[in-house]
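Novice: Data: final-v7.csv, CSV, N, CA and C atoms.
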chain,number,residue,atom,x,y,z
K,1,MET,N,44.1,169.3,110.4
K,1,MET,CA,45.0,170.4,110.7
K,1,MET,C,44.9,170.7,112.2
K,2,ALA,N,46.1,170.8,112.8
K,2,ALA,CA,46.2,171.1,114.2
K,2,ALA,C,46.6,172.6,114.4
K,3,THR,N,46.2,173.1,115.5
K,3,THR,CA,46.8,174.4,115.9
K,3,THR,C,47.8,174.1,117.0
K,4,ILE,N,49.0,174.5,116.8
K,4,ILE,CA,50.1,174.0,117.6
K,4,ILE,C,50.8,175.2,118.3
K,5,LEU,N,51.1,175.1,119.6
K,5,LEU,CA,51.9,176.1,120.3
K,5,LEU,C,53.2,175.5,120.5
K,6,ILE,N,54.3,176.2,120.0
K,6,ILE,CA,55.6,175.7,120.3
K,6,ILE,C,56.3,176.6,121.3
K,7,ALA,N,56.7,176.1,122.4
K,7,ALA,CA,57.4,176.8,123.5
K,7,ALA,C,58.8,176.3,123.5
K,8,GLU,N,59.7,177.0,123.0
K,8,GLU,CA,61.1,176.6,122.8
K,8,GLU,C,62.0,177.8,122.9
K,9,ASP,N,63.0,177.8,123.8
K,9,ASP,CA,63.9,179.0,123.9
K,9,ASP,C,65.0,179.0,122.8
K,10,ASP,N,65.2,177.9,122.1
K,10,ASP,CA,66.2,177.9,121.1
K,10,ASP,C,65.5,178.4,119.8
K,11,LEU,N,65.8,179.6,119.4
K,11,LEU,CA,65.1,180.2,118.3
K,11,LEU,C,65.2,179.4,117.0
K,12,GLN,N,66.4,178.9,116.7
K,12,GLN,CA,66.6,178.1,115.5
K,12,GLN,C,65.8,176.9,115.5
K,13,LEU,N,65.7,176.2,116.6
K,13,LEU,CA,64.9,175.0,116.7
K,13,LEU,C,63.4,175.3,116.6
K,14,ASN,N,63.0,176.4,117.3
K,14,ASN,CA,61.6,176.9,117.3
K,14,ASN,C,61.2,177.2,115.8
K,15,GLU,N,62.0,177.9,115.1
K,15,GLU,CA,61.6,178.3,113.7
K,15,GLU,C,61.6,177.1,112.8
K,16,GLY,N,62.6,176.2,113.0
K,16,GLY,CA,62.7,175.0,112.2
K,16,GLY,C,61.5,174.1,112.4
K,17,LEU,N,61.1,173.8,113.6
K,17,LEU,CA,59.9,173.0,113.9
K,17,LEU,C,58.6,173.7,113.3
K,18,ALA,N,58.5,175.0,113.5
K,18,ALA,CA,57.4,175.7,113.0
K,18,ALA,C,57.3,175.6,111.5
K,19,GLU,N,58.4,175.8,110.8
K,19,GLU,CA,58.4,175.7,109.3
K,19,GLU,C,57.9,174.3,108.8
K,20,ILE,N,58.5,173.3,109.5
K,20,ILE,CA,58.1,171.9,109.0
K,20,ILE,C,56.7,171.6,109.3
K,21,LEU,N,56.2,172.0,110.5
K,21,LEU,CA,54.8,171.7,110.9
K,21,LEU,C,53.8,172.5,110.0
K,22,GLU,N,54.2,173.7,109.6
K,22,GLU,CA,53.4,174.5,108.7
K,22,GLU,C,53.3,173.9,107.3
K,23,MET,N,54.5,173.3,106.9
K,23,MET,CA,54.5,172.6,105.6
K,23,MET,C,53.6,171.4,105.6
K,24,GLU,N,53.3,170.8,106.8
K,24,GLU,CA,52.4,169.7,106.9
K,24,GLU,C,51.0,170.1,107.0
K,25,GLY,N,50.7,171.5,107.0
K,25,GLY,CA,49.4,172.0,107.0
K,25,GLY,C,48.9,172.5,108.3
K,26,HIS,N,49.7,172.5,109.4
K,26,HIS,CA,49.3,172.9,110.7
K,26,HIS,C,49.5,174.4,110.9
K,27,ALA,N,48.7,175.0,111.8
K,27,ALA,CA,48.8,176.4,112.2
K,27,ALA,C,49.7,176.4,113.4
K,28,VAL,N,50.8,177.3,113.4
K,28,VAL,CA,51.8,177.2,114.5
K,28,VAL,C,51.9,178.6,115.0
K,29,VAL,N,52.0,178.7,116.4
K,29,VAL,CA,52.4,179.9,117.1
K,29,VAL,C,53.6,179.6,117.9
K,30,MET,N,54.6,180.5,117.9
K,30,MET,CA,55.9,180.2,118.6
K,30,MET,C,56.1,181.2,119.7
K,31,VAL,N,56.5,180.7,120.9
K,31,VAL,CA,57.0,181.5,122.0
K,31,VAL,C,58.3,181.0,122.5
K,32,ALA,N,59.0,181.8,123.3
K,32,ALA,CA,60.3,181.4,123.7
K,32,ALA,C,60.4,181.0,125.2
K,33,ASP,N,59.3,181.0,125.9
K,33,ASP,CA,59.4,180.6,127.4
K,33,ASP,C,58.1,180.2,127.9
K,34,GLY,N,58.1,179.5,129.0
K,34,GLY,CA,56.9,179.0,129.6
K,34,GLY,C,55.8,180.0,130.0
K,35,MET,N,56.3,181.2,130.5
K,35,MET,CA,55.3,182.2,130.8
K,35,MET,C,54.5,182.7,129.6
K,36,SER,N,55.3,183.0,128.5
K,36,SER,CA,54.6,183.4,127.3
K,36,SER,C,53.7,182.3,126.8
K,37,ALA,N,54.0,181.0,126.9
K,37,ALA,CA,53.2,179.9,126.5
K,37,ALA,C,51.9,179.9,127.3
K,38,TRP,N,52.0,180.1,128.6
K,38,TRP,CA,50.8,180.1,129.5
K,38,TRP,C,49.9,181.3,129.1
K,39,GLU,N,50.5,182.4,128.8
K,39,GLU,CA,49.7,183.6,128.4
K,39,GLU,C,48.9,183.3,127.0
K,40,MET,N,49.6,182.6,126.1
K,40,MET,CA,49.0,182.3,124.8
K,40,MET,C,47.9,181.2,125.0
K,41,LEU,N,48.1,180.3,125.9
K,41,LEU,CA,47.1,179.3,126.2
K,41,LEU,C,45.8,179.9,126.7
K,42,ALA,N,46.0,181.0,127.5
K,42,ALA,CA,44.8,181.7,128.0
K,42,ALA,C,44.0,182.5,127.0
K,43,ARG,N,44.7,182.8,125.9
K,43,ARG,CA,44.1,183.7,124.9
K,43,ARG,C,43.6,183.0,123.7
K,44,GLN,N,44.1,181.8,123.3
K,44,GLN,CA,43.9,181.2,122.1
K,44,GLN,C,43.7,179.7,122.2
K,45,HIS,N,42.9,179.0,121.4
K,45,HIS,CA,42.7,177.6,121.4
K,45,HIS,C,43.9,176.9,120.7
K,46,PHE,N,44.5,175.9,121.3
K,46,PHE,CA,45.5,175.1,120.7
K,46,PHE,C,45.1,173.6,120.9
K,47,ASP,N,45.5,172.8,119.9
K,47,ASP,CA,45.3,171.4,120.0
K,47,ASP,C,46.5,170.7,120.6
K,48,VAL,N,47.7,171.2,120.3
K,48,VAL,CA,48.9,170.6,120.7
K,48,VAL,C,49.9,171.6,121.3
K,49,LEU,N,50.5,171.3,122.4
K,49,LEU,CA,51.6,172.1,123.0
K,49,LEU,C,52.9,171.2,122.8
K,50,LEU,N,53.8,171.8,122.1
K,50,LEU,CA,55.2,171.2,121.9
K,50,LEU,C,56.1,172.1,122.7
K,51,THR,N,56.6,171.6,123.8
K,51,THR,CA,57.3,172.4,124.8
K,51,THR,C,58.7,171.8,125.1
K,52,ASP,N,59.6,172.7,125.2
K,52,ASP,CA,60.9,172.4,125.8
K,52,ASP,C,60.7,172.2,127.3
K,53,TYR,N,61.5,171.4,127.9
K,53,TYR,CA,61.4,171.1,129.3
K,53,TYR,C,62.1,172.2,130.1
K,54,SER,N,63.2,172.7,129.6
K,54,SER,CA,64.1,173.7,130.3
K,54,SER,C,64.0,175.0,129.6
K,55,MET,N,63.4,176.0,130.2
K,55,MET,CA,63.2,177.3,129.5
K,55,MET,C,63.3,178.4,130.6
K,56,PRO,N,63.6,179.6,130.2
K,56,PRO,CA,63.6,180.7,131.1
K,56,PRO,C,62.1,181.1,131.5
K,57,GLU,N,62.0,182.0,132.5
K,57,GLU,CA,60.7,182.5,133.0
K,57,GLU,C,59.9,181.5,133.7
K,58,ALA,N,59.4,180.5,133.0
K,58,ALA,CA,58.7,179.3,133.5
K,58,ALA,C,59.1,178.1,132.7
K,59,ASP,N,59.6,177.1,133.3
K,59,ASP,CA,60.0,175.9,132.6
K,59,ASP,C,58.9,175.0,132.2
K,60,GLY,N,59.2,174.0,131.4
K,60,GLY,CA,58.2,173.1,130.9
K,60,GLY,C,57.4,172.4,132.0
K,61,GLU,N,58.1,172.0,133.1
K,61,GLU,CA,57.5,171.4,134.2
K,61,GLU,C,56.4,172.2,134.8
K,62,MET,N,56.7,173.5,135.0
K,62,MET,CA,55.7,174.4,135.6
K,62,MET,C,54.5,174.6,134.7
K,63,LEU,N,54.8,174.7,133.4
K,63,LEU,CA,53.8,174.9,132.4
K,63,LEU,C,52.9,173.6,132.3
K,64,ILE,N,53.4,172.5,132.4
K,64,ILE,CA,52.7,171.2,132.3
K,64,ILE,C,51.8,171.1,133.6
K,65,GLN,N,52.4,171.5,134.8
K,65,GLN,CA,51.6,171.4,136.0
K,65,GLN,C,50.4,172.4,135.9
K,66,GLN,N,50.6,173.6,135.4
K,66,GLN,CA,49.5,174.5,135.3
K,66,GLN,C,48.4,174.0,134.3
K,67,ILE,N,48.8,173.4,133.2
K,67,ILE,CA,47.8,172.8,132.3
K,67,ILE,C,47.1,171.7,133.0
K,68,GLU,N,47.8,170.8,133.7
K,68,GLU,CA,47.1,169.7,134.4
K,68,GLU,C,46.1,170.1,135.5
K,69,GLN,N,46.3,171.3,136.0
K,69,GLN,CA,45.4,171.9,137.1
K,69,GLN,C,44.3,172.8,136.5
K,70,THR,N,44.2,172.9,135.2
K,70,THR,CA,43.3,173.7,134.6
K,70,THR,C,42.3,172.9,133.7
K,71,PRO,N,41.1,172.6,134.2
K,71,PRO,CA,40.2,171.8,133.5
K,71,PRO,C,39.9,172.3,132.1
K,72,ALA,N,39.8,173.6,131.9
K,72,ALA,CA,39.5,174.2,130.6
K,72,ALA,C,40.6,173.8,129.5
K,73,LEU,N,41.7,173.3,130.0
K,73,LEU,CA,42.8,172.9,129.0
K,73,LEU,C,42.9,171.4,128.9
K,74,ASP,N,41.9,170.7,129.3
K,74,ASP,CA,42.0,169.2,129.2
K,74,ASP,C,42.2,168.7,127.8
K,75,HIS,N,41.8,169.4,126.8
K,75,HIS,CA,41.8,169.0,125.4
K,75,HIS,C,43.2,169.1,124.8
K,76,ILE,N,44.2,169.8,125.5
K,76,ILE,CA,45.5,170.0,124.9
K,76,ILE,C,46.4,168.7,125.0
K,77,HIS,N,47.0,168.3,123.9
K,77,HIS,CA,47.9,167.2,123.9
K,77,HIS,C,49.3,167.8,124.0
K,78,ILE,N,50.2,167.2,124.8
K,78,ILE,CA,51.5,167.7,125.1
K,78,ILE,C,52.6,166.8,124.6
K,79,ILE,N,53.5,167.5,123.9
K,79,ILE,CA,54.8,166.8,123.5
K,79,ILE,C,55.9,167.6,124.1
K,80,VAL,N,56.8,166.8,124.8
K,80,VAL,CA,57.9,167.5,125.6
K,80,VAL,C,59.2,167.1,124.9
K,81,ILE,N,60.1,168.1,124.7
K,81,ILE,CA,61.4,167.9,124.1
K,81,ILE,C,62.4,168.5,125.1
K,82,SER,N,63.5,167.8,125.2
K,82,SER,CA,64.5,168.3,126.2
K,82,SER,C,65.9,167.7,125.9
K,83,GLY,N,66.9,168.4,126.2
K,83,GLY,CA,68.3,167.9,126.2
K,83,GLY,C,68.7,167.3,127.5
K,84,TYR,N,67.8,167.4,128.5
K,84,TYR,CA,68.0,166.9,129.8
K,84,TYR,C,67.2,165.7,130.1
K,85,ASP,N,67.5,165.1,131.2
K,85,ASP,CA,66.8,163.8,131.6
K,85,ASP,C,65.3,164.1,131.8
K,86,ILE,N,64.5,163.4,131.0
K,86,ILE,CA,63.0,163.6,131.1
K,86,ILE,C,62.3,162.4,131.7
K,87,LYS,N,63.1,161.5,132.2
K,87,LYS,CA,62.5,160.2,132.8
K,87,LYS,C,61.4,160.5,133.9
K,88,PRO,N,61.6,161.6,134.7
K,88,PRO,CA,60.6,161.9,135.7
K,88,PRO,C,59.2,162.2,135.1
K,89,LEU,N,59.2,162.5,133.8
K,89,LEU,CA,57.9,162.8,133.2
K,89,LEU,C,57.2,161.6,132.7
K,90,GLU,N,57.9,160.5,132.6
K,90,GLU,CA,57.3,159.3,132.0
K,90,GLU,C,56.1,158.8,132.9
K,91,GLY,N,55.1,158.5,132.2
K,91,GLY,CA,53.8,158.0,132.8
K,91,GLY,C,52.9,159.1,133.1
K,92,ARG,N,53.2,160.4,132.9
K,92,ARG,CA,52.3,161.4,133.1
K,92,ARG,C,51.1,161.3,132.1
K,93,PRO,N,49.9,161.2,132.5
K,93,PRO,CA,48.8,161.0,131.6
K,93,PRO,C,48.6,162.1,130.5
K,94,ARG,N,48.9,163.3,130.8
K,94,ARG,CA,48.7,164.4,129.8
K,94,ARG,C,49.8,164.5,128.8
K,95,ILE,N,50.9,163.8,129.0
K,95,ILE,CA,52.0,163.9,128.0
K,95,ILE,C,51.9,162.8,127.0
K,96,ASN,N,51.8,163.2,125.7
K,96,ASN,CA,51.6,162.2,124.6
K,96,ASN,C,53.0,161.7,124.1
K,97,LEU,N,54.0,162.5,124.2
K,97,LEU,CA,55.3,162.0,123.7
K,97,LEU,C,56.4,162.8,124.4
K,98,LEU,N,57.5,162.1,124.8
K,98,LEU,CA,58.7,162.6,125.3
K,98,LEU,C,59.8,162.4,124.3
K,99,LEU,N,60.6,163.5,124.0
K,99,LEU,CA,61.7,163.4,123.0
K,99,LEU,C,62.9,164.0,123.6
K,100,ARG,N,64.0,163.3,123.5
K,100,ARG,CA,65.3,163.8,124.0
K,100,ARG,C,66.0,164.4,122.8
K,101,LYS,N,66.6,165.6,123.0
K,101,LYS,CA,67.4,166.3,121.9
K,101,LYS,C,68.7,165.6,121.8
K,102,PRO,N,69.2,165.4,120.6
K,102,PRO,CA,68.6,165.7,119.3
K,102,PRO,C,67.6,164.6,119.0
K,103,PHE,N,66.6,165.0,118.3
K,103,PHE,CA,65.5,164.0,117.9
K,103,PHE,C,65.2,164.1,116.4
K,104,ASP,N,64.5,163.1,116.0
K,104,ASP,CA,64.1,163.1,114.6
K,104,ASP,C,62.7,163.8,114.5
K,105,VAL,N,62.7,164.9,113.7
K,105,VAL,CA,61.5,165.7,113.5
K,105,VAL,C,60.3,164.9,113.0
K,106,GLN,N,60.6,163.8,112.3
K,106,GLN,CA,59.5,162.9,111.8
K,106,GLN,C,58.7,162.3,113.0
K,107,GLN,N,59.4,162.2,114.2
K,107,GLN,CA,58.7,161.7,115.3
K,107,GLN,C,57.6,162.7,115.8
K,108,VAL,N,57.9,164.0,115.7
K,108,VAL,CA,57.0,165.0,116.0
K,108,VAL,C,55.8,165.0,115.0
K,109,ILE,N,56.1,164.9,113.8
K,109,ILE,CA,55.1,164.9,112.7
K,109,ILE,C,54.2,163.7,112.9
K,110,ARG,N,54.7,162.6,113.1
K,110,ARG,CA,53.9,161.4,113.3
K,110,ARG,C,53.0,161.5,114.6
K,111,ALA,N,53.6,162.1,115.6
K,111,ALA,CA,52.8,162.2,116.9
K,111,ALA,C,51.6,163.2,116.7
K,112,VAL,N,51.9,164.3,116.0
K,112,VAL,CA,50.8,165.3,115.8
K,112,VAL,C,49.8,164.7,114.9
K,113,ASN,N,50.2,164.0,113.8
K,113,ASN,CA,49.2,163.3,112.9
K,113,ASN,C,48.4,162.3,113.7
K,114,ALA,N,49.0,161.5,114.5
K,114,ALA,CA,48.3,160.5,115.3
K,114,ALA,C,47.3,161.2,116.3
K,115,ILE,N,47.7,162.2,116.9
K,115,ILE,CA,46.9,163.0,117.9
K,115,ILE,C,45.6,163.5,117.2
K,116,MET,N,45.8,164.0,116.0
K,116,MET,CA,44.7,164.7,115.2
K,116,MET,C,43.9,163.7,114.5
K,117,GLY,N,44.3,162.4,114.4
K,117,GLY,CA,43.6,161.4,113.8
K,117,GLY,C,43.7,161.4,112.3
With the file now loaded, output its structure as structure tokens.
Specialist:
Amino acid sequence: MATILIAEDDLQLNEGLAEILEMEGHAVVMVADGMSAWEMLARQHFDVLLTDYSMPEADGEMLIQQIEQTPALDHIHIIVISGYDIKPLEGRPRINLLLRKPFDVQQVIRAVNAIMG
């Protein structure tokens, strides 16, 4: 079982992903922006961050940069979802999976299961 933080400003997508991941046995916390995600990462241990790339307050890029610069968060696996071009993120060592919206939720489930072994 993974502890997953979902940072997604689309409430319907956020809730849908959470429901499916919880059905798979994972613990899920949802936030709607990058700033709230950063605050949660400082307070609680998460195995996986599932983040939108474009969000209010602090976007996914800013959030990923903060994680990359924080050694205490080296354990976090990152999955990025976006409706925008995410090619600039390709090859970033901390990112486990890039998904373009719309995507197949089974890809997320497979990635989380692979990450958690």
Novice: What does the structure give for the distance between CA of Asp85 in chain K and CA of Arg100 in chain K, in Å to one decimal?
Specialist: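 Interatomic distance here is 7.7 Å.
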Novice: Pick out the residues sitting within 9 Å of range 36-50 of chain K, and hand them over as a ChimeraX atom specification; count only C-alpha atoms, and ignore anything fewer than 5 positions along from it in its own chain.
Specialist: /K:2-8,29-31,57-58,63,66-67,73,75-81,108,112,115-116
Novice: Around all of range 25-44 of chain K's listed atoms, make the axis-aligned box with 8 Å on each side and tell me centre and edge lengths in Å to one decimal, as AutoDock Vina command-line options.
Specialist:
--center_x 52.0 --center_y 177.6 --center_z 118.9 --size_x 32.8 --size_y 28.2 --size_z 39.8
Novice: Could you please write out, as a ChimeraX atom specification, every residue of range 5-87 of chain K that DSSP assigns to strand (DSSP E or B)?
Specialist: /K:5-7,27-31,48-52,77-82
Novice: In Å to one decimal, how far is CA of Met1 in chain K from CA of Pro102 in chain K?
Specialist: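 For CA of Pro102 in chain K relative to CA of Met1 in chain K, the distance reads 25.6 Å.
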Novice: One decimal, in Å: what's the spacing between atom N of Asp52 in chain K and atom C of Ala18 in chain K?
Specialist: 14.2 Å
Novice: Between K:Glu22, K:Asp33, K:Glu61, K:Glu68, which residue has the minimum interatomic distance to Leu89 in chain K, considering only C-alpha atoms?
Specialist: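 Closest candidate: K:Glu61.
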Novice: Report the residues of chain K whose backbone DSSP state falls under helix (DSSP H, G or I), written as a PyMOL selection string.
Specialist: chain K and resi 11-23+34-43+60-68+71-73+87-89+105-116
Novice: Nearest residue to Gly60 in chain K out of K:Leu11, K:Val105, K:Ala111, K:Leu98, using only C-alpha atoms?
Specialist: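 Closest candidate: K:Leu98.
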